[in-house]
Amino acid sequence: MRGRQGTARRTAARGRRGVAGRPVLAVALALGTVLTALTALTGQPARAAGQDTAQEYAFAADARRIEGASRTADAVRLEPGRTYRSTLPPDGKVYYRLDLDDTSTAYVSVTAVPPPGFGVSVADGVKVTLEDADGRSCDVDTVPLGAPGSPRPVAAWAMREISPRRSLCAEAGAYYVTVERAAPDARGASPDPWELELGTVSEPGTRTPDGTATPEAWDSATPAPVQGTAQRRPGGAGFAQAAPLDEGVWRDDIRPGQTLFYKVPVDWGRRLHVTAELGSSGTDATGYVASALTLDLYNPVRGQVEDLSVGYNGGQKSKALKPLPPVAYENRHASGQQVSAVRFAGAYYLVAHLSPEVAEDFGDGPVPLTLRVRLGGAAQAGPDYAGGTVPSDVFGVDGGPGGSATGGGGTAGDATLYRVLAAGGIGTGSALVVGLGVWTVLARRRGADLSG
């Protein structure tokens with residue numbers, strides 16, 4: 001035993017002398033530790049001062065890489081609850097397979113990521129179709145890139161719904177997901193392959209027969225925006241890294257060409273209302289960008305609910321998303337897409353994109369972005385599902401993807417860390433200071449341990 005302790009102490013002493021003899025290396029290691037810790041706490045890499053924040057899309061860390069097939073016979077099966085990464089060619093379709101029962105509703109979402117630094121067409125985007133084994137269409141969704149005319153992630157969804165209203169696609173068996181570009185031949189369309197992130201969700205039926213009653217009437221008046229001092233909260237670089245928000249006023253800085261992701265937990269019976277504001281540029285430059293800011297709202301399975309665009313002339317501008325109904329299972333029977341998409345509780349995603357054209361008139365510096373988030377209504381019990389959802393926490397608001405900003409999505413300490421380090425990330429100089437502090441503390445602790 002003594003021999004082992006002596007060896008351990010000699011090894012630790014050699015390590016301590018080595019670090020002391022290489023202070024530059026120690027600072028670098030400490031800085032790496034700090035940045036790694038920040039990544040773990042915030043869910044996104046820390047951004048150093050001067051770093052280009054128009055970062056690439058952050059795919060889910062556990063996404064499995066698969067290849068889309070050029071024909072259905074070779075289609076790879078997508079498992080419920082799993083996340084996949086694939087590639088979409090500039091023209092043509094790719095196929096994936098779902099094996100479905102005759103009792104559960106299935107949702108598939110596809111996030112398309114055009115390569116940064118290349119032009120895109122406003123008409124282009126992603127188209128997702130779900131078909132049965134006989135080639136009959138169960139559902140189709142097309143989401144264009146739209147007016148910003150810059151590469152940004154967009155998501156589309158398709159479903160196989162078990163409902164008294166639908167007799168088509170109700171049988172058990174193989175179904176096929178088709179993914180293609182919305183307008184690959186449009187003028188200015190990107191000639192390069194796009195990256196894809198795919199996910200599937202399975203929703204069981206209810207214990208009581210599912211009727212077709214439309215949702216109750218709701219107040220469609222626009223509520224007043226939330227007031228108060230904005231709290232700093234850096235946005236994530238992808239759906240998997242979406243920064244959690246609760247009711248309140250939240251602030252970040254967004255650069256031209258950048259896309260930021262946030263998520264808001266919305267329980268059954270609650271209503272989400274969001275107002276987006278762009279702050280003044282702080283320059284004397286003049287000009288006008290018609291669709292400077294684009295804000296998309298997606299539901300927990302990444303189905304688009306609503307979007308807005310804000311014009312910008314260098315002064316402060318604001319715009320609110322259209323009023324939404326309370327989250328209710330019955331919303332799926334509504335005729336309008338906006339209401340039908342608000343059909344389950346969980347994390348609702350806000351995706352903000354600032355057009356690169358803003359840099360042409362007002363410079364490439366960050367523009368202040370404020371999100372005013374209001375959660376109205378009272379929480380209610382959800383549907384009496386006959387089984388479990390896959391993944392199990394997709395339609396929940398506690399401890400999962402729908403965790404609140406001060407609950408499942410982060411702690412009060414995390415929020416303080418966000419505010420102290422600021423939305424733009426920790427600066428290089430500050431990180432070095434922190435790194436030196438960490439190195440000093442670790443060195444003192446080692447010394448105390450060895451002397452003891």
# chains A, B, ... in the order shown; residues from 1 in each chain; ligands from 1
call {"tool": "residues_around", "arguments": {"residues": "Glu247 in chain A", "least_positions_apart": "6", "cutoff": "10 Å", "atoms": "only C-alpha atoms", "output": "ChimeraX atom specification"}}
result
/A:226,264-265,272-274,371-376,404-405
call {"tool": "residues_around", "arguments": {"residues": "range 98-106 of chain A", "least_positions_apart": "5", "cutoff": "8 Å", "atoms": "only C-alpha atoms", "output": "list in words"}}
result
Arg77, Leu78, Glu79, Met159, Arg160, Glu161, Ile162, Ala170, Glu171, Ala172, Gly173, Ala174, Tyr175, Tyr176, Val177, Thr200, Val201, Ser202, Glu203, Pro204 and Gly205 of chain A
call {"tool": "write_last_selection", "arguments": {"atoms": "C-alpha atoms", "output": "PDB file, in the first residue's frame"}}
result
ATOM      1  CA  ARG A  77     -35.338   2.257 -42.192  1.00  0.00           C
ATOM      2  CA  LEU A  78     -35.825   5.196 -39.815  1.00  0.00           C
ATOM      3  CA  GLU A  79     -36.476   4.166 -36.218  1.00  0.00           C
ATOM      4  CA  MET A 159     -47.237  12.617 -41.016  1.00  0.00           C
ATOM      5  CA  ARG A 160     -49.133   9.370 -41.191  1.00  0.00           C
ATOM      6  CA  GLU A 161     -52.143  10.238 -39.006  1.00  0.00           C
ATOM      7  CA  ILE A 162     -54.546   7.690 -37.544  1.00  0.00           C
ATOM      8  CA  ALA A 170     -54.183   3.668 -42.041  1.00  0.00           C
ATOM      9  CA  GLU A 171     -52.809   0.157 -42.639  1.00  0.00           C
ATOM     10  CA  ALA A 172     -49.734  -1.330 -41.008  1.00  0.00           C
ATOM     11  CA  GLY A 173     -46.754  -1.836 -43.272  1.00  0.00           C
ATOM     12  CA  ALA A 174     -43.890  -0.096 -45.041  1.00  0.00           C
ATOM     13  CA  TYR A 175     -44.086   3.625 -45.804  1.00  0.00           C
ATOM     14  CA  TYR A 176     -41.572   5.755 -47.648  1.00  0.00           C
ATOM     15  CA  VAL A 177     -40.252   9.241 -46.920  1.00  0.00           C
ATOM     16  CA  THR A 200     -39.201  10.522 -36.363  1.00  0.00           C
ATOM     17  CA  VAL A 201     -41.768  10.620 -33.561  1.00  0.00           C
ATOM     18  CA  SER A 202     -44.471   8.076 -32.749  1.00  0.00           C
ATOM     19  CA  GLU A 203     -47.680   9.231 -31.035  1.00  0.00           C
ATOM     20  CA  PRO A 204     -50.083   6.582 -29.673  1.00  0.00           C
ATOM     21  CA  GLY A 205     -53.833   6.781 -29.954  1.00  0.00           C
TER      22      GLY A 205
END
call {"tool": "closest_residue", "arguments": {"among": "A:Pro184, A:Gly287, A:Gly387, A:Pro326", "to": "Gly363 in chain A", "atoms": "only C-alpha atoms"}}
result
A:Gly287
call {"tool": "atom_distance", "arguments": {"atom1": "CA of Glu306 in chain A", "atom2": "CA of Lys322 in chain A"}}
result
7.5 Å
call {"tool": "select_by_dssp", "arguments": {"residues": "range 52-211 of chain A", "states": "strand (DSSP E)", "output": "NGL selection string"}}
result
:A and (64-65 or 76-77 or 83-88 or 94-100 or 105-113 or 125-131 or 137-144 or 154-160 or 173-181 or 194-203)
